[in-house]
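Student: Quick one: the structure is below, questions incoming.
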Amino acid sequence: MIASEESAVSGLPPLPLMLGVAVASIVSIVLIWLVGQQTLVALAYGGSLVALLLMLLLVARLKAPAADETVFAPDWSVTSAAIENRRRGVAIIDRANRLVCANSTYESWFKAASSPTELPFDAASREAVMGAMREAWRDGNATVELVQCDGSETRYRLQIDRSGRSEAYLVWRFAEIREERGYEDLATRLSGRLGELISRAGIELALVGPDGIVLTTTPGLAERATGSRDNSLAGLEFVQLLRSDDRDRIFFAREGQQGSPQTLVHVPLDAVSDGRLSDADEALSMMLLVDSTVGIGGGWEGNGKAAIPQLEALLSALPLGLALTDRDGRFLFANKAFLRAVERVDHGLPQFPSDLVVREDKAAMADTVRRFAKGATASGDMAVRLANDKEEPVSIGLAGVRGLGDAAVLLSISDSSEEKRLRRQVAQATKMQAVGQLAGGVAHDFNNVLTAIIGYCDLMLLRHTPGDSDYDDIQQIKANSNRAASLTRQLLAFSRQQTLRPVVLQLPDVVSEVSQLLKRLMGEKIEFSVRHDRELGSVRADPQQLEQVIINLAVNARDAMQAHAMKRGKQDWKGRLTLATRRVSARDVRKMGIDIMPADDYTVLIVQDTGGGIPEEYLNKIFEPFFTTKELGKGTGLGLSTVYGIVKQSNGFIFADNVQGPDGTPIGARFTMYLPVHKGELPAEMRNEELEEAKPTEWSAGGKLLLVEDEDMVRAVAERALVRAGYTVTAVADGEEGLAAIANGKTEFDLIVSDVVMPTMDGPAMARAIRKVKPDIPILFMSGYAEEQLRGEIDIDNMHFIPKPFSVQQINAKVSEVLSASR
């Protein structure tokens, strides 16, 4: 076998074939000799045969290297020409991540002819790019919405596709992300190249302040008004630059009536600032001066239709949304900024401006446009609601235009989507805070009721043993009360008033703790995967509450994927749930531009599914309490509101959005939780939990307790429980009575057990007053509110806490623990 392989490599026939040929040659020579009985003839025949065989072997040996040396190298010249694109940087790599082809735009943008995998991406972009590359090799394509290199402000969108013979190459397409800028930088544009181009077209622009003072102008306007382009008009009154004749024609003051008449168009730049109507006297204005000689056949006044293309070219270059209508109120033109503001980029303009607004505003819009078209030259604005956004009113500016032929009204509107988003976030936060306060108050009062119920159940169980007729009923009451207590904890979690036990931890450790449980919850049809970033910062949070957050998000994702599959009628479906942790720096936060989130270092948890995404109309409501899209009886609507409360109480932030597919449609939902990196000292690895558990929890020496509780039922059950435990209890109904009991000095109390929220004088106020008399006495507060919130509001030493509701055993154990620690 080895000899045959060597022969193939060297170009010779295989060894068995050579042996066969040799044996056949010898046999043929013997036959010739036997038939002819002539040795000379047989030898001559044998020599000729040997020479022929050697010649054939030599030819085969000479041909073999030529065949081996033939290499079919791909020709990339056609591909290189095909991928040339001034707006896209394109690069092609092979399986070894080597750059095989790139267009000039790619080389210009990244100043290198290296593989995209070797570009100096920042940490977040590199992780996303590497993940997308693996996904493209696996699935055929992948997209990264935001890619950025270290030290560069330019951002790109990346699309990767698998292609080529045997799909052995990846095609990388980089598209630069360009942000639209508002009219704040209009002054710079007017004084630059844009101003030069506008002046050459016979149109001059001036940016004028609310007091009529010129801020900046096009270079041509300075030359027409002063005689030199180098002169600045900033600080002059705009009206002083112009004069009018007895026919109300407008001329430059310097040129007088010897110059050409001008058409003045006033564009207020206050159309939409914060979604409210703004005072026109406090807004900037853009003044357009159009020379009468512009156009063909007598200028704008002589032939207005010839001038419309000039005006359209001008309006298209401006970042403010502008549109023109004729005298009958029909749209003539709208620039891209206007189409974006009214969300009609894909559908184009309707016939009339009234078609953009809701039915209730159609008549007012049509009448206003008609009045500005046919009345005196004027400008103003009006509040309307767009048909595609009925909840948010916008302000549209209108200005009557004269001397432009068919053009009659100039409409202006700003893209206020960012302001709308911020207003929705503020409204959502305000609503959540108000509902949270209500939920916290209800939970606090309900905890008092549950404390009494659970306490009386414990006292009754002390008089009954298993097997008694009432024992099981009492246990059932207690179990239902504990279930109700868990619901109140959900309300407190939503209102950010529950008791947390925060520790410094690593987020991947919490994810790994619940991973096995999540795999069982997801089932066989859902693929569950976990990815962790490197060098994650530690966070300070309650691990049990974080586990509840992860489980709630995962269960919601599972239900969403099942519902999405059933909606499409697919019984044999597959879903994917991904949990990922990422490191986000303060610089990354500033680039994201999230105003409500401080620029700080964060550790991020991302939960992403393939459940078809969240409908746009629900994105702003999903964290609201009792809001659910599940069928009646299958959801309480408290899951995501609880998640929201836990994250906010941990000083974090959580956002929900949709993951877009290649065609732009949502393919799944993504929840992103930001927890601030802990900046304090890390705790020791070995916690003294064993020592804490070894502390004595039973206090057998008795003691005198002052019990302060305004709820009669809670006070009664707590008093009975503590008396049964061997304590001498003095019970009072409010803080003033408690302070009086201490001030009288008749009894030396060992411990004060007090409620927090009470009428007249609450627990903290009573505690501060008592400490002035008894500075060393320990105080145990009972409350349904969060311990951290209580400690933040009350700065008292030797203060302890027990959350409501509690059982008889819990109150006894806590009192004995406090007394043991104070001795």
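Each chain of the structure tokens is named A, B, ... in the order shown, its residues numbered from 1; ligands are numbered from 1 in display order.
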Determine, counting only C-alpha atoms, which protein, DNA and RNA residues have an atom within 10 Å of an atom of region 514-520 of chain A; residues of the same chain fewer than 6 positions away are not included. Present the result as a list in words.
Tutor: Ile526, Glu527, Phe528, Ser529, Val530, Leu546, Glu547, Gln548, Ile550, Ile551, Ala554, Val555, Leu577 and Leu579 of chain A
Student: Could the residues in this selection be saved with C-alpha atoms as a compact mmCIF listing (two decimals), in the first residue's frame?
Tutor:
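Listed below is the output, again05.txt:
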```txt
# COMPACT_ATOMS: atom_id res chain seq x y z
CA ILE A 526 -35.94 25.65 23.39
CA GLU A 527 -32.17 25.82 23.01
CA PHE A 528 -30.63 27.48 26.07
CA SER A 529 -27.20 29.09 25.83
CA VAL A 530 -25.08 31.28 28.12
CA LEU A 546 -31.41 38.49 40.98
CA GLU A 547 -32.28 34.82 40.54
CA GLN A 548 -35.96 35.81 40.63
CA ILE A 550 -33.59 35.91 35.66
CA ILE A 551 -36.28 33.26 36.18
CA ALA A 554 -36.76 33.40 31.15
CA VAL A 555 -40.29 32.15 31.84
CA LEU A 577 -33.02 31.63 24.72
CA LEU A 579 -28.29 34.77 28.45
```
Student: Return the single residue from A:Gly738, A:Arg576, A:Leu54, A:Lys621 that is closest to Tyr644 (chain A), with distances computed using only C-alpha atoms.
Tutor: A:Lys621
Student: Using DSSP on the backbone coordinates, identify the residues of region 160-248 of chain A assigned to strand (DSSP E); present them as number ranges by chain.
Tutor: A: 160-163, 169-176, 203-208, 214-217, 242-244
Student: Could you save the residues just selected, with C-alpha atoms, as a PDB file, in the first residue's frame?
Tutor:
```pdb
ATOM      1  CA  ILE A 160     -21.549  39.597   7.074  1.00  0.00           C
ATOM      2  CA  ASP A 161     -22.608  37.019   4.439  1.00  0.00           C
ATOM      3  CA  ARG A 162     -21.187  33.605   3.605  1.00  0.00           C
ATOM      4  CA  SER A 163     -20.506  33.218  -0.125  1.00  0.00           C
ATOM      5  CA  TYR A 169     -15.584  33.007   2.065  1.00  0.00           C
ATOM      6  CA  LEU A 170     -17.158  35.708   4.197  1.00  0.00           C
ATOM      7  CA  VAL A 171     -18.161  39.043   2.659  1.00  0.00           C
ATOM      8  CA  TRP A 172     -17.984  41.922   5.181  1.00  0.00           C
ATOM      9  CA  ARG A 173     -19.942  45.083   4.346  1.00  0.00           C
ATOM     10  CA  PHE A 174     -19.357  48.170   6.512  1.00  0.00           C
ATOM     11  CA  ALA A 175     -21.841  51.071   6.226  1.00  0.00           C
ATOM     12  CA  GLU A 176     -21.073  54.345   7.952  1.00  0.00           C
ATOM     13  CA  ILE A 203     -30.757  82.919  -2.912  1.00  0.00           C
ATOM     14  CA  GLU A 204     -29.483  84.478   0.294  1.00  0.00           C
ATOM     15  CA  LEU A 205     -30.150  83.285   3.830  1.00  0.00           C
ATOM     16  CA  ALA A 206     -29.831  84.967   7.210  1.00  0.00           C
ATOM     17  CA  LEU A 207     -30.207  83.461  10.677  1.00  0.00           C
ATOM     18  CA  VAL A 208     -31.909  86.084  12.858  1.00  0.00           C
ATOM     19  CA  VAL A 214     -28.498  89.007  12.559  1.00  0.00           C
ATOM     20  CA  LEU A 215     -26.522  86.001  13.831  1.00  0.00           C
ATOM     21  CA  THR A 216     -24.986  84.818  10.556  1.00  0.00           C
ATOM     22  CA  THR A 217     -25.608  85.045   6.812  1.00  0.00           C
ATOM     23  CA  LEU A 242     -33.602  96.135   3.341  1.00  0.00           C
ATOM     24  CA  ARG A 243     -35.825  98.837   1.893  1.00  0.00           C
ATOM     25  CA  SER A 244     -39.240  98.724   0.212  1.00  0.00           C
TER      26      SER A 244
END
```
Student: Could you check how far CA of Ala580 (chain A) sits from CA of Glu153 (chain A), in Å to one decimal?
Tutor: 26.3 Å
